[in-house]
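Asker: Contents are PDB, C-alpha atoms and all ligand atoms; file name coords.pdb:
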```
ATOM      1  CA  MET A   1      23.471  11.398 -12.998
ATOM      2  CA  SER A   2      22.106  10.078  -9.720
ATOM      3  CA  ALA A   3      23.928  10.288  -6.401
ATOM      4  CA  ASN A   4      25.391   6.807  -6.698
ATOM      5  CA  GLY A   5      26.616   7.339 -10.241
ATOM      6  CA  PHE A   6      23.808   5.473 -11.987
ATOM      7  CA  GLU A   7      22.056   7.318 -14.801
ATOM      8  CA  THR A   8      18.254   7.125 -14.789
ATOM      9  CA  ILE A   9      18.481   5.905 -18.335
ATOM     10  CA  GLU A  10      20.748   3.070 -17.175
ATOM     11  CA  VAL A  11      18.209   2.027 -14.535
ATOM     12  CA  ASN A  12      15.495   1.970 -17.190
ATOM     13  CA  ALA A  13      17.768  -0.100 -19.427
ATOM     14  CA  LEU A  14      18.411  -2.460 -16.525
ATOM     15  CA  ALA A  15      14.668  -2.873 -16.002
ATOM     16  CA  THR A  16      14.308  -3.760 -19.685
ATOM     17  CA  LEU A  17      17.122  -6.308 -19.439
ATOM     18  CA  LEU A  18      15.561  -7.879 -16.349
ATOM     19  CA  ALA A  19      12.097  -8.309 -17.856
ATOM     20  CA  PRO A  20      12.555 -11.598 -19.775
ATOM     21  CA  LEU A  21      14.714 -13.262 -17.113
ATOM     22  CA  THR A  22      13.958 -15.773 -14.369
ATOM     23  CA  LEU A  23      14.110 -14.680 -10.732
ATOM     24  CA  GLN A  24      17.567 -16.214 -10.337
ATOM     25  CA  GLU A  25      18.824 -14.514 -13.481
ATOM     26  CA  ARG A  26      17.361 -11.170 -12.442
ATOM     27  CA  LEU A  27      19.176 -11.221  -9.115
ATOM     28  CA  SER A  28      22.391 -12.428 -10.658
ATOM     29  CA  LEU A  29      22.309  -9.716 -13.328
ATOM     30  CA  ALA A  30      21.506  -7.029 -10.769
ATOM     31  CA  ARG A  31      24.478  -8.141  -8.697
ATOM     32  CA  ARG A  32      26.770  -7.914 -11.731
ATOM     33  CA  ARG A  33      25.470  -4.549 -12.952
ATOM     34  CA  ILE A  34      25.285  -2.632  -9.664
ATOM     35  CA  ALA A  35      28.557  -1.956  -7.900
ATOM     36  CA  GLY A  36      28.632  -1.653  -4.116
ATOM     37  CA  ARG A  37      26.304  -2.901  -1.400
ATOM     38  CA  LEU A  38      23.084  -4.616  -2.378
ATOM     39  CA  VAL A  39      20.647  -5.166   0.492
ATOM     40  CA  PHE A  40      17.621  -7.448   0.482
ATOM     41  CA  THR A  41      15.083  -6.819   3.248
ATOM     42  CA  THR A  42      12.939  -9.790   4.145
ATOM     43  CA  SER A  43       9.854 -10.138   6.293
ATOM     44  CA  PHE A  44       9.679 -13.866   5.482
ATOM     45  CA  GLY A  45       6.589 -13.634   3.268
ATOM     46  CA  LEU A  46       6.282 -15.948   0.254
ATOM     47  CA  GLU A  47       7.901 -13.369  -2.022
ATOM     48  CA  ASP A  48      10.807 -12.893   0.344
ATOM     49  CA  GLN A  49      11.331 -16.624   0.685
ATOM     50  CA  ALA A  50      11.550 -17.032  -3.098
ATOM     51  CA  ILE A  51      14.123 -14.238  -3.263
ATOM     52  CA  VAL A  52      16.181 -15.472  -0.327
ATOM     53  CA  ASP A  53      16.289 -18.921  -1.911
ATOM     54  CA  ALA A  54      17.631 -17.406  -5.150
ATOM     55  CA  ILE A  55      20.252 -15.386  -3.267
ATOM     56  CA  PHE A  56      21.464 -18.178  -1.010
ATOM     57  CA  THR A  57      21.469 -20.995  -3.564
ATOM     58  CA  GLN A  58      23.467 -18.863  -6.027
ATOM     59  CA  LYS A  59      25.733 -17.548  -3.233
ATOM     60  CA  LEU A  60      25.207 -13.989  -4.434
ATOM     61  CA  ALA A  61      26.985 -11.211  -2.560
ATOM     62  CA  ILE A  62      23.731  -9.630  -1.415
ATOM     63  CA  GLU A  63      23.139  -8.777   2.266
ATOM     64  CA  VAL A  64      19.975 -10.348   3.671
ATOM     65  CA  VAL A  65      18.444  -8.301   6.463
ATOM     66  CA  THR A  66      15.214  -8.398   8.445
ATOM     67  CA  LEU A  67      13.548  -5.787  10.616
ATOM     68  CA  ASP A  68      12.714  -7.452  13.914
ATOM     69  CA  THR A  69       9.900  -5.218  15.083
ATOM     70  CA  GLY A  70       9.447  -7.198  18.310
ATOM     71  CA  ARG A  71       5.787  -7.813  17.390
ATOM     72  CA  LEU A  72       6.145 -10.622  14.843
ATOM     73  CA  PHE A  73       4.129 -13.853  14.942
ATOM     74  CA  PRO A  74       5.796 -16.903  16.546
ATOM     75  CA  GLU A  75       5.300 -18.585  13.159
ATOM     76  CA  THR A  76       7.379 -15.859  11.511
ATOM     77  CA  TYR A  77      10.251 -16.379  13.942
ATOM     78  CA  ASP A  78       9.954 -20.089  13.205
ATOM     79  CA  THR A  79      10.185 -19.383   9.449
ATOM     80  CA  TRP A  80      13.268 -17.272  10.108
ATOM     81  CA  ALA A  81      14.929 -20.123  12.044
ATOM     82  CA  ARG A  82      13.969 -22.767   9.472
ATOM     83  CA  THR A  83      15.331 -20.611   6.651
ATOM     84  CA  GLU A  84      18.681 -20.152   8.384
ATOM     85  CA  ALA A  85      18.840 -23.900   9.054
ATOM     86  CA  GLN A  86      17.955 -24.915   5.494
ATOM     87  CA  TYR A  87      20.513 -22.664   3.805
ATOM     88  CA  GLY A  88      23.149 -22.627   6.547
ATOM     89  CA  ARG A  89      23.220 -18.829   6.520
ATOM     90  CA  ARG A  90      22.531 -16.163   9.146
ATOM     91  CA  ILE A  91      20.000 -13.402   8.399
ATOM     92  CA  ALA A  92      20.989 -10.076   9.947
ATOM     93  CA  ALA A  93      18.407  -8.523  12.276
ATOM     94  CA  LEU A  94      17.869  -4.854  12.937
ATOM     95  CA  ALA A  95      15.932  -3.931  16.078
ATOM     96  CA  PRO A  96      14.191  -0.661  16.984
ATOM     97  CA  ASP A  97      16.126   1.884  18.998
ATOM     98  CA  GLY A  98      15.534   1.058  22.668
ATOM     99  CA  ALA A  99      14.981   4.620  23.888
ATOM    100  CA  ALA A 100      12.619   5.443  21.000
ATOM    101  CA  LEU A 101      10.656   2.281  21.720
ATOM    102  CA  GLU A 102      10.331   3.114  25.409
ATOM    103  CA  THR A 103       9.072   6.607  24.552
ATOM    104  CA  LEU A 104       6.601   5.181  22.037
ATOM    105  CA  LEU A 105       5.180   2.815  24.645
ATOM    106  CA  ALA A 106       5.143   5.471  27.379
ATOM    107  CA  ASP A 107       3.244   7.884  25.110
ATOM    108  CA  GLY A 108       0.671   5.601  23.551
ATOM    109  CA  GLY A 109       0.669   2.340  25.459
ATOM    110  CA  VAL A 110       1.297  -1.119  24.128
ATOM    111  CA  THR A 111      -1.599  -0.929  21.629
ATOM    112  CA  GLY A 112      -1.251   2.774  20.889
ATOM    113  CA  PHE A 113      -1.048   2.050  17.153
ATOM    114  CA  ARG A 114      -4.801   1.435  17.105
ATOM    115  CA  HIS A 115      -5.694   4.947  18.237
ATOM    116  CA  SER A 116      -5.143   6.730  14.913
ATOM    117  CA  VAL A 117      -3.398   6.402  11.558
ATOM    118  CA  GLU A 118      -0.742   8.804  12.819
ATOM    119  CA  ALA A 119      -0.125   6.693  15.936
ATOM    120  CA  ARG A 120       0.116   3.574  13.782
ATOM    121  CA  GLN A 121       2.552   5.261  11.410
ATOM    122  CA  ARG A 122       4.617   6.400  14.383
ATOM    123  CA  CYS A 123       4.855   2.798  15.610
ATOM    124  CA  CYS A 124       5.824   1.601  12.111
ATOM    125  CA  GLY A 125       8.333   4.426  12.041
ATOM    126  CA  VAL A 126      10.089   3.382  15.240
ATOM    127  CA  ARG A 127       9.885  -0.352  14.636
ATOM    128  CA  LYS A 128      10.433  -0.468  10.856
ATOM    129  CA  VAL A 129      11.257   2.711   8.999
ATOM    130  CA  VAL A 130      14.122   3.970  11.139
ATOM    131  CA  PRO A 131      15.779   0.524  11.311
ATOM    132  CA  LEU A 132      15.328   0.232   7.544
ATOM    133  CA  GLY A 133      17.192   3.508   7.133
ATOM    134  CA  ARG A 134      20.090   1.998   9.056
ATOM    135  CA  ALA A 135      19.995  -1.146   6.932
ATOM    136  CA  LEU A 136      20.198   0.863   3.720
ATOM    137  CA  GLU A 137      22.831   3.364   4.794
ATOM    138  CA  GLY A 138      25.512   3.441   2.129
ATOM    139  CA  ALA A 139      23.776   0.822  -0.020
ATOM    140  CA  GLN A 140      23.669   1.219  -3.791
ATOM    141  CA  GLY A 141      20.744  -1.124  -4.255
ATOM    142  CA  TRP A 142      17.718  -2.331  -2.300
ATOM    143  CA  ILE A 143      15.902  -5.531  -3.233
ATOM    144  CA  THR A 144      12.296  -6.014  -2.175
ATOM    145  CA  GLY A 145       9.531  -8.569  -2.670
ATOM    146  CA  LEU A 146       6.935  -6.078  -3.908
ATOM    147  CA  ARG A 147       4.507  -7.332  -6.559
ATOM    148  CA  SER A 148       2.180  -5.205  -8.670
ATOM    149  CA  GLU A 149      -0.923  -7.246  -7.943
ATOM    150  CA  GLN A 150      -0.594  -7.036  -4.148
ATOM    151  CA  SER A 151      -2.667  -3.861  -3.884
ATOM    152  CA  ALA A 152      -3.841  -0.800  -5.791
ATOM    153  CA  ASN A 153      -0.971   1.137  -4.180
ATOM    154  CA  ARG A 154       1.552  -1.212  -5.778
ATOM    155  CA  ILE A 155       0.038  -1.567  -9.248
ATOM    156  CA  ALA A 156       2.820   0.426 -10.956
ATOM    157  CA  THR A 157       5.729  -1.363  -9.246
ATOM    158  CA  PRO A 158       8.678  -1.440 -11.695
ATOM    159  CA  LEU A 159      11.372  -4.128 -11.876
ATOM    160  CA  ALA A 160      13.987  -1.459 -11.212
ATOM    161  CA  ALA A 161      13.850   2.263 -10.526
ATOM    162  CA  TYR A 162      16.083   4.913  -9.052
ATOM    163  CA  GLU A 163      14.795   6.052  -5.645
ATOM    164  CA  PRO A 164      16.033   9.599  -5.124
ATOM    165  CA  ALA A 165      14.926   9.858  -1.471
ATOM    166  CA  ARG A 166      17.309   7.053  -0.563
ATOM    167  CA  ALA A 167      19.829   7.648  -3.368
ATOM    168  CA  LEU A 168      19.791   4.029  -4.478
ATOM    169  CA  ILE A 169      18.334   1.678  -7.040
ATOM    170  CA  LYS A 170      15.278  -0.195  -5.843
ATOM    171  CA  LEU A 171      14.845  -3.607  -7.402
ATOM    172  CA  ASN A 172      11.566  -5.496  -7.297
ATOM    173  CA  PRO A 173      12.409  -8.744  -9.078
ATOM    174  CA  LEU A 174       8.930 -10.211  -8.527
ATOM    175  CA  ALA A 175       7.043  -7.111  -9.640
ATOM    176  CA  ASP A 176       5.351  -8.926 -12.527
ATOM    177  CA  TRP A 177       4.781 -12.292 -10.811
ATOM    178  CA  SER A 178       1.294 -13.527  -9.970
ATOM    179  CA  ARG A 179       0.426 -15.087  -6.634
ATOM    180  CA  SER A 180      -0.148 -18.456  -8.292
ATOM    181  CA  ASP A 181       3.271 -18.323 -10.035
ATOM    182  CA  LEU A 182       4.837 -17.574  -6.685
ATOM    183  CA  GLU A 183       3.080 -20.389  -4.835
ATOM    184  CA  ALA A 184       4.055 -22.858  -7.565
ATOM    185  CA  HIS A 185       7.690 -21.705  -7.404
ATOM    186  CA  ILE A 186       7.781 -22.152  -3.612
ATOM    187  CA  MET A 187       6.307 -25.658  -3.766
ATOM    188  CA  GLN A 188       8.378 -26.858  -6.737
ATOM    189  CA  ASN A 189      11.635 -25.769  -5.133
ATOM    190  CA  GLY A 190      10.995 -26.946  -1.565
ATOM    191  CA  ILE A 191      11.423 -23.429  -0.204
ATOM    192  CA  PRO A 192      10.464 -23.048   3.480
ATOM    193  CA  TYR A 193       7.480 -20.773   4.062
ATOM    194  CA  ASN A 194       5.440 -19.310   6.891
ATOM    195  CA  VAL A 195       2.702 -21.762   7.915
ATOM    196  CA  LEU A 196       0.357 -18.801   8.419
ATOM    197  CA  HIS A 197      -0.040 -18.783   4.635
ATOM    198  CA  ASP A 198      -1.908 -22.085   4.996
ATOM    199  CA  ARG A 199      -4.356 -20.424   7.413
ATOM    200  CA  GLY A 200      -5.559 -17.589   5.202
ATOM    201  CA  PHE A 201      -2.827 -15.090   5.998
ATOM    202  CA  VAL A 202      -1.640 -13.870   2.615
ATOM    203  CA  SER A 203       0.437 -10.833   3.554
ATOM    204  CA  VAL A 204       2.035 -11.307   6.995
ATOM    205  CA  GLY A 205       3.304  -8.426   9.083
ATOM    206  CA  CYS A 206       3.264  -7.736  12.823
ATOM    207  CA  ALA A 207       0.903  -9.970  14.809
ATOM    208  CA  PRO A 208      -1.424  -7.285  16.199
ATOM    209  CA  CYS A 209      -1.772  -5.653  12.767
ATOM    210  CA  THR A 210      -2.393  -8.686  10.563
ATOM    211  CA  ARG A 211      -5.416 -10.939  10.118
ATOM    212  CA  ALA A 212      -6.347 -13.690   7.677
ATOM    213  CA  ILE A 213      -8.257 -12.511   4.621
ATOM    214  CA  ARG A 214     -11.658 -13.670   3.415
ATOM    215  CA  LEU A 215     -12.492 -15.062  -0.021
ATOM    216  CA  GLY A 216     -12.406 -12.280  -2.611
ATOM    217  CA  GLU A 217     -10.487  -9.807  -0.463
ATOM    218  CA  ALA A 218      -7.327  -8.144  -1.783
ATOM    219  CA  GLU A 219      -3.986  -9.634  -0.716
ATOM    220  CA  ARG A 220      -3.206  -6.856   1.742
ATOM    221  CA  ALA A 221      -6.737  -6.509   3.117
ATOM    222  CA  GLY A 222      -5.573  -8.229   6.294
ATOM    223  CA  ARG A 223      -2.993  -5.557   7.084
ATOM    224  CA  TRP A 224      -4.210  -2.647   9.318
ATOM    225  CA  TRP A 225      -7.728  -3.671   8.335
ATOM    226  CA  TRP A 226      -9.262  -0.928  10.439
ATOM    227  CA  GLU A 227      -7.776   1.796   8.182
ATOM    228  CA  ASP A 228      -8.656   3.189   4.736
ATOM    229  CA  ASP A 229      -6.947   1.327   1.896
ATOM    230  CA  ALA A 230      -5.290   4.484   0.575
ATOM    231  CA  ARG A 231      -3.209   4.871   3.743
ATOM    232  CA  LYS A 232      -2.298   1.243   4.291
ATOM    233  CA  GLU A 233       1.467   1.230   3.878
ATOM    234  CA  CYS A 234       3.972   1.122   6.699
ATOM    235  CA  GLY A 235       6.268   3.794   5.297
ATOM    236  CA  LEU A 236       8.909   1.412   3.981
ATOM    237  CA  HIS A 237       7.838   1.700   0.354
ATOM    238  CA  ASN A 238       6.149   5.088   0.138
ATOM    239  CA  ARG A 239       8.743   7.302   1.668
ATOM    240  CA  PRO A 240       8.383  10.913   0.518
ATOM    241  CA  ALA A 241      11.285  13.123  -0.482
ATOM    242  CA  GLN A 242      13.741  13.978   2.261
ATOM    243  CA  GLY A 243      12.413  16.631   4.583
ATOM    244  CA  GLY A 244       8.812  15.594   3.948
ATOM    245  CA  VAL A 245       6.350  14.861   6.693
ATOM    246  CA  GLY A 246       6.793  11.133   6.408
ATOM    247  CA  GLU A 247      10.483  11.114   7.073
ATOM    248  CA  HIS A 248      10.357  12.980  10.340
ATOM    249  CA  GLN A 249       7.120  11.753  11.799
ATOM    250  CA  TYR A 250       8.697   8.344  12.270
ATOM    251  CA  GLN A 251      11.646   9.474  14.293
TER     252      GLN A 251
HETATM  253 FE1  LIG A 301       3.628  -1.272  15.027
HETATM  254 FE2  LIG A 301       1.664  -2.614  13.819
HETATM  255 FE3  LIG A 301       3.431  -1.141  12.390
HETATM  256 FE4  LIG A 301       4.157  -3.439  13.585
HETATM  257  S1  LIG A 301       2.691  -3.180  11.883
HETATM  258  S2  LIG A 301       5.307  -1.577  13.557
HETATM  259  S3  LIG A 301       2.962  -3.332  15.525
HETATM  260  S4  LIG A 301       1.890  -0.409  13.865
END
```
Reformat the file's structure so that it appears as structure tokens.
Answerer:
Amino acid sequence: MSANGFETIEVNALATLLAPLTLQERLSLARRRIAGRLVFTTSFGLEDQAIVDAIFTQKLAIEVVTLDTGRLFPETYDTWARTEAQYGRRIAALAPDGAALETLLADGGVTGFRHSVEARQRCCGVRKVVPLGRALEGAQGWITGLRSEQSANRIATPLAAYEPARALIKLNPLADWSRSDLEAHIMQNGIPYNVLHDRGFVSVGCAPCTRAIRLGEAERAGRWWWEDDARKECGLHNRPAQGGVGEHQYQ
């Protein structure tokens, strides 16, 4: 039995039930099967826009939250505003802790994240990982826009799995979707999207850490492009067990 009362076997059964369903049906079923708080974290990428559309149009009782790192593209803030306007809903924002941010900047400077992988992970820790921890406090489920084909690191992304480090069920309702399926879904349903996607930005994160990709490059090649692929995650989706290096280095 997991900490939130969900058996691992039940999570596996849920993943099996989700497999043949549409995105809307997957989210609806997850809402019915998981008691307690369900939190969806969006960074306004194409995946997140498809999910937020499914949540808002079905009026599902799922909290929609974003991590406002303070370093997002103007186009991302515009997507945020257009999404709220289209659906008539507010998206909750979590900001970095002010004191931690001031210390980060005092220690490494405003572009300190370029100095080393550790410095970059520290910045992601202050601006993303710690706020994410606050967003998920007490939640029974966490919905993300991860897809298997986004990168080698994400190839084994399941539709649903128990995440012991956070004591919740992590749902990835687009895990098996292709990029072309996603783009078609966005266009067919008139879902607002970040205009950076029309300029070669496939995966969009913070402005100083994201570039457009070139033909043939992997979807996340434009994120922290100066680093090795194996280390290119921000800590949101590869959090080690509690007490591990990753948890504390971000604080
Ligand atoms: Fe900092 Fe870049 Fe991570 Fe954003 S993506 S939190 S700017 S290191």
Asker: Axis-aligned box over every listed atom of ligand LIG 301 (chain A), padded by 8 Å per side: centre and edges in Å to one decimal, as JSON?
Answerer:
```
{"center_x": 3.5, "center_y": -1.9, "center_z": 13.7, "size_x": 19.6, "size_y": 19.0, "size_z": 19.6}
```
Asker: Nearest residue to ligand LIG 301 (chain A) out of A:Ala207, A:Leu14, A:Ile143, A:Leu215, using only C-alpha atoms and all ligand atoms?
Answerer: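 Closest to ligand LIG 301 (chain A) of all the choices is A:Ala207.
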Asker: Residues contacting ligand LIG 301 (chain A) - anything with an atom at most 12 Å away, using only C-alpha atoms and all ligand atoms - can you give me those as a short mmCIF file (atom, residue, chain, number, x, y, z; two decimals) with C-alpha atoms, keeping the file's coordinate frame?
Answerer:
```
data_model
loop_
_atom_site.label_atom_id
_atom_site.label_comp_id
_atom_site.auth_asym_id
_atom_site.auth_seq_id
_atom_site.Cartn_x
_atom_site.Cartn_y
_atom_site.Cartn_z
CA SER A 43 9.85 -10.14 6.29
CA LEU A 67 13.55 -5.79 10.62
CA ASP A 68 12.71 -7.45 13.91
CA THR A 69 9.90 -5.22 15.08
CA GLY A 70 9.45 -7.20 18.31
CA ARG A 71 5.79 -7.81 17.39
CA LEU A 72 6.14 -10.62 14.84
CA PHE A 73 4.13 -13.85 14.94
CA ALA A 95 15.93 -3.93 16.08
CA PRO A 96 14.19 -0.66 16.98
CA LEU A 101 10.66 2.28 21.72
CA LEU A 104 6.60 5.18 22.04
CA LEU A 105 5.18 2.82 24.64
CA GLY A 108 0.67 5.60 23.55
CA GLY A 109 0.67 2.34 25.46
CA VAL A 110 1.30 -1.12 24.13
CA THR A 111 -1.60 -0.93 21.63
CA GLY A 112 -1.25 2.77 20.89
CA PHE A 113 -1.05 2.05 17.15
CA ARG A 114 -4.80 1.44 17.10
CA HIS A 115 -5.69 4.95 18.24
CA SER A 116 -5.14 6.73 14.91
CA VAL A 117 -3.40 6.40 11.56
CA GLU A 118 -0.74 8.80 12.82
CA ALA A 119 -0.12 6.69 15.94
CA ARG A 120 0.12 3.57 13.78
CA GLN A 121 2.55 5.26 11.41
CA ARG A 122 4.62 6.40 14.38
CA CYS A 123 4.86 2.80 15.61
CA CYS A 124 5.82 1.60 12.11
CA GLY A 125 8.33 4.43 12.04
CA VAL A 126 10.09 3.38 15.24
CA ARG A 127 9.88 -0.35 14.64
CA LYS A 128 10.43 -0.47 10.86
CA VAL A 129 11.26 2.71 9.00
CA VAL A 130 14.12 3.97 11.14
CA PRO A 131 15.78 0.52 11.31
CA LEU A 132 15.33 0.23 7.54
CA SER A 203 0.44 -10.83 3.55
CA VAL A 204 2.04 -11.31 7.00
CA GLY A 205 3.30 -8.43 9.08
CA CYS A 206 3.26 -7.74 12.82
CA ALA A 207 0.90 -9.97 14.81
CA PRO A 208 -1.42 -7.28 16.20
CA CYS A 209 -1.77 -5.65 12.77
CA THR A 210 -2.39 -8.69 10.56
CA ARG A 211 -5.42 -10.94 10.12
CA GLY A 222 -5.57 -8.23 6.29
CA ARG A 223 -2.99 -5.56 7.08
CA TRP A 224 -4.21 -2.65 9.32
CA TRP A 225 -7.73 -3.67 8.34
CA TRP A 226 -9.26 -0.93 10.44
CA GLU A 227 -7.78 1.80 8.18
CA LYS A 232 -2.30 1.24 4.29
CA GLU A 233 1.47 1.23 3.88
CA CYS A 234 3.97 1.12 6.70
CA GLY A 235 6.27 3.79 5.30
CA LEU A 236 8.91 1.41 3.98
CA TYR A 250 8.70 8.34 12.27
#
```
Asker: What is the distance between CA of Ile186 in chain A and CA of Ile62 in chain A, in Å to one decimal?
Answerer: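 The value is 20.4 Å.
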Asker: For a quick check of understanding, using only C-alpha atoms, which of A:Ala30, A:Ala184, A:Ala13, A:Ala218 has the smallest distance to Leu60 in chain A?
Answerer: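 Among the listed residues, the smallest separation from Leu60 in chain A belongs to A:Ala30.
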Asker: Looking at A:Arg214, A:Ala50, A:Gly200, A:Arg134, which one is nearest to Leu23 in chain A, with distances taken over all atoms listed in the file?
Answerer: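 Comparing A:Arg214, A:Ala50, A:Gly200, A:Arg134 against Leu23 in chain A, the winner is A:Ala50.
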Asker: Can you tell me how far CA of Glu219 in chain A sits from CA of Ser178 in chain A, in Å to one decimal?
Answerer: 11.3 Å
Asker: Within 10 Å of Ile9 in chain A, counting all atoms listed in the file, which residues qualify if same-chain residues fewer than 5 places away don't, as a ChimeraX atom specification?
Answerer: /A:1,14-15,161-162
Asker: For a test of reading the model, state the distance in Å between CA of Asn194 in chain A and CA of Gln49 in chain A, rounded to one decimal.
Answerer: 9.0 Å
Asker: Nearest to Trp177 in chain A among A:Leu17, A:Phe201, A:Leu46, A:Glu163, with distances taken over only C-alpha atoms: which residue is it?
Answerer: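 Of A:Leu17, A:Phe201, A:Leu46, A:Glu163, the one nearest Trp177 in chain A is A:Leu46, counting only C-alpha atoms.
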Asker: When the PyMOL selection byres (((chain A and resi 83) around 10) and not hetatm) is applied to the structure above, which residues does it catch, written out as a list in words?
Answerer: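 So the PyMOL selection byres (((chain A and resi 83) around 10) and not hetatm) ends up selecting Phe44, Gln49, Val52, Asp53, Tyr77, Asp78, Thr79, Trp80, Ala81, Arg82, Glu84, Ala85, Gln86, Tyr87, Gly88, Arg89, Arg90, Ile91, Ile191, Pro192, Tyr193 and Asn194 of chain A.
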Asker: Which of these residues is nearest to Ala152 in chain A, using all atoms listed in the file: A:Leu182, A:Leu136, A:Ala221, A:Ala212?
Answerer: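 Comparing A:Leu182, A:Leu136, A:Ala221, A:Ala212 against Ala152 in chain A, the winner is A:Ala221.
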Asker: Please evaluate the PyMOL selection byres (((chain A and resi 38) around 8) and not hetatm) against the displayed coordinates and give the resulting residues as a list in words.
Answerer: Arg31, Ile34, Gly36, Arg37, Val39, Phe40, Ala61, Ile62, Glu63, Ala139, Gln140, Gly141, Trp142 and Ile143 of chain A
Asker: Considering all atoms listed in the file, state which residue in the set A:Glu25, A:Glu217, A:Asp228, A:Glu149 is at the smallest distance from Ala175 in chain A.
Answerer: A:Glu149
